[in-house]
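Visitor: My questions all concern the structure below.
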Amino acid sequence: MNLGKILGTVVATRKDPSLLGVRLLLLQPLTEKLKNSGDIIVAADPVGARQGDLVMWVASREASLALENKFAPVDAAVVGLVDSLGEKRTELPMEVTP
């Protein structure tokens, strides 16, 4: 799974019938540090992301699995909206003594 930022939408007057009703978005892949990573791509959006959203996305075969039609011809798909990011924290012991 990867991080990315939604830059805008793609308007396609003609597309494969399996993509009817599927929104297509411009997505900038990001590193874990939220720096640009590679070229802007087009991603299918079954989750309702908006411009400026930080998202999780997948590529390759996993991308089509995110859609209702599992055989849709897509190379990337948004699979989640990121609410927050944080560093891994160590868990406290169940019993804390003062």
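Residue numbering restarts at 1 for every chain of the structure tokens, chains are lettered A, B, ... in their displayed order, and ligands are numbered from 1 as they appear.
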If we count only C-alpha atoms and set the cut-off at 6 Å, which residues sit around region 29-44 of chain A, ignoring sequence neighbours fewer than 2 positions away in its own chain? Please answer as a list in words.

Guide: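 With the cut-off at 6 Å, the set is Leu3, Gly4, Arg23, Leu24, Leu25, Leu26, Leu27, Ala76 and Ala77 of chain A.
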
Visitor: Those same residues - C-alpha atoms - I'd like them written as a compact mmCIF listing (two decimals), in the first residue's frame.

Guide:
```txt
# COMPACT_ATOMS: atom_id res chain seq x y z
CA LEU A 3 0.57 7.08 0.15
CA GLY A 4 -0.49 9.76 -2.30
CA ARG A 23 -14.21 8.35 -10.87
CA LEU A 24 -10.67 8.84 -12.16
CA LEU A 25 -8.30 11.08 -10.23
CA LEU A 26 -4.82 12.55 -10.68
CA LEU A 27 -2.65 11.22 -7.88
CA ALA A 76 -3.92 2.15 -9.69
CA ALA A 77 -6.81 2.62 -7.27
```

Visitor: So that I can check the secondary structure, give me every residue of chain A assigned helix (DSSP H, G or I) by backbone DSSP, as a list in words.

Guide: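 Matching residues for helix (DSSP H, G or I) in chain A are Pro17, Ser18, Leu19, Arg61, Glu62, Ala63, Ser64 and Leu65 of chain A.
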
Visitor: Write a file of the selected residues as an mmCIF file, in the first residue's frame, keeping N, CA and C atoms.

Guide:
```
data_model
loop_
_atom_site.group_PDB
_atom_site.id
_atom_site.type_symbol
_atom_site.label_atom_id
_atom_site.label_comp_id
_atom_site.auth_asym_id
_atom_site.auth_seq_id
_atom_site.Cartn_x
_atom_site.Cartn_y
_atom_site.Cartn_z
ATOM 1 N N PRO A 17 -16.273 0.165 -20.769
ATOM 2 C CA PRO A 17 -17.574 0.009 -20.099
ATOM 3 C C PRO A 17 -17.470 -0.433 -18.638
ATOM 4 N N SER A 18 -16.435 -1.170 -18.286
ATOM 5 C CA SER A 18 -16.281 -1.608 -16.894
ATOM 6 C C SER A 18 -15.928 -0.452 -15.964
ATOM 7 N N LEU A 19 -15.587 0.717 -16.531
ATOM 8 C CA LEU A 19 -15.247 1.885 -15.716
ATOM 9 C C LEU A 19 -16.372 2.918 -15.656
ATOM 10 N N ARG A 61 -2.442 -5.640 -9.989
ATOM 11 C CA ARG A 61 -3.656 -6.455 -9.879
ATOM 12 C C ARG A 61 -4.516 -6.027 -8.691
ATOM 13 N N GLU A 62 -3.904 -5.609 -7.613
ATOM 14 C CA GLU A 62 -4.648 -5.182 -6.439
ATOM 15 C C GLU A 62 -5.555 -3.993 -6.752
ATOM 16 N N ALA A 63 -5.171 -3.172 -7.726
ATOM 17 C CA ALA A 63 -5.973 -1.999 -8.078
ATOM 18 C C ALA A 63 -7.344 -2.406 -8.592
ATOM 19 N N SER A 64 -7.410 -3.378 -9.472
ATOM 20 C CA SER A 64 -8.715 -3.790 -9.990
ATOM 21 C C SER A 64 -9.534 -4.501 -8.923
ATOM 22 N N LEU A 65 -8.888 -5.131 -7.969
ATOM 23 C CA LEU A 65 -9.618 -5.793 -6.887
ATOM 24 C C LEU A 65 -10.329 -4.800 -5.977
#
```

Visitor: Calculate how many Å separate CA of Val74 (chain A) from CA of Arg14 (chain A), rounding to one decimal.

Guide: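 Separation between CA of Val74 (chain A) and CA of Arg14 (chain A): 14.8 Å.
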
Visitor: What does the distance from CA of Asp83 (chain A) to CA of Asp53 (chain A) come to in Å, to one decimal?

Guide: 9.2 Å

Visitor: As a PyMOL selection string, list the residues of region 14-77 of chain A assigned to strand (DSSP E) by DSSP on the backbone atoms of this structure.

Guide: chain A and resi 23-30+41-45+54-59+76-77
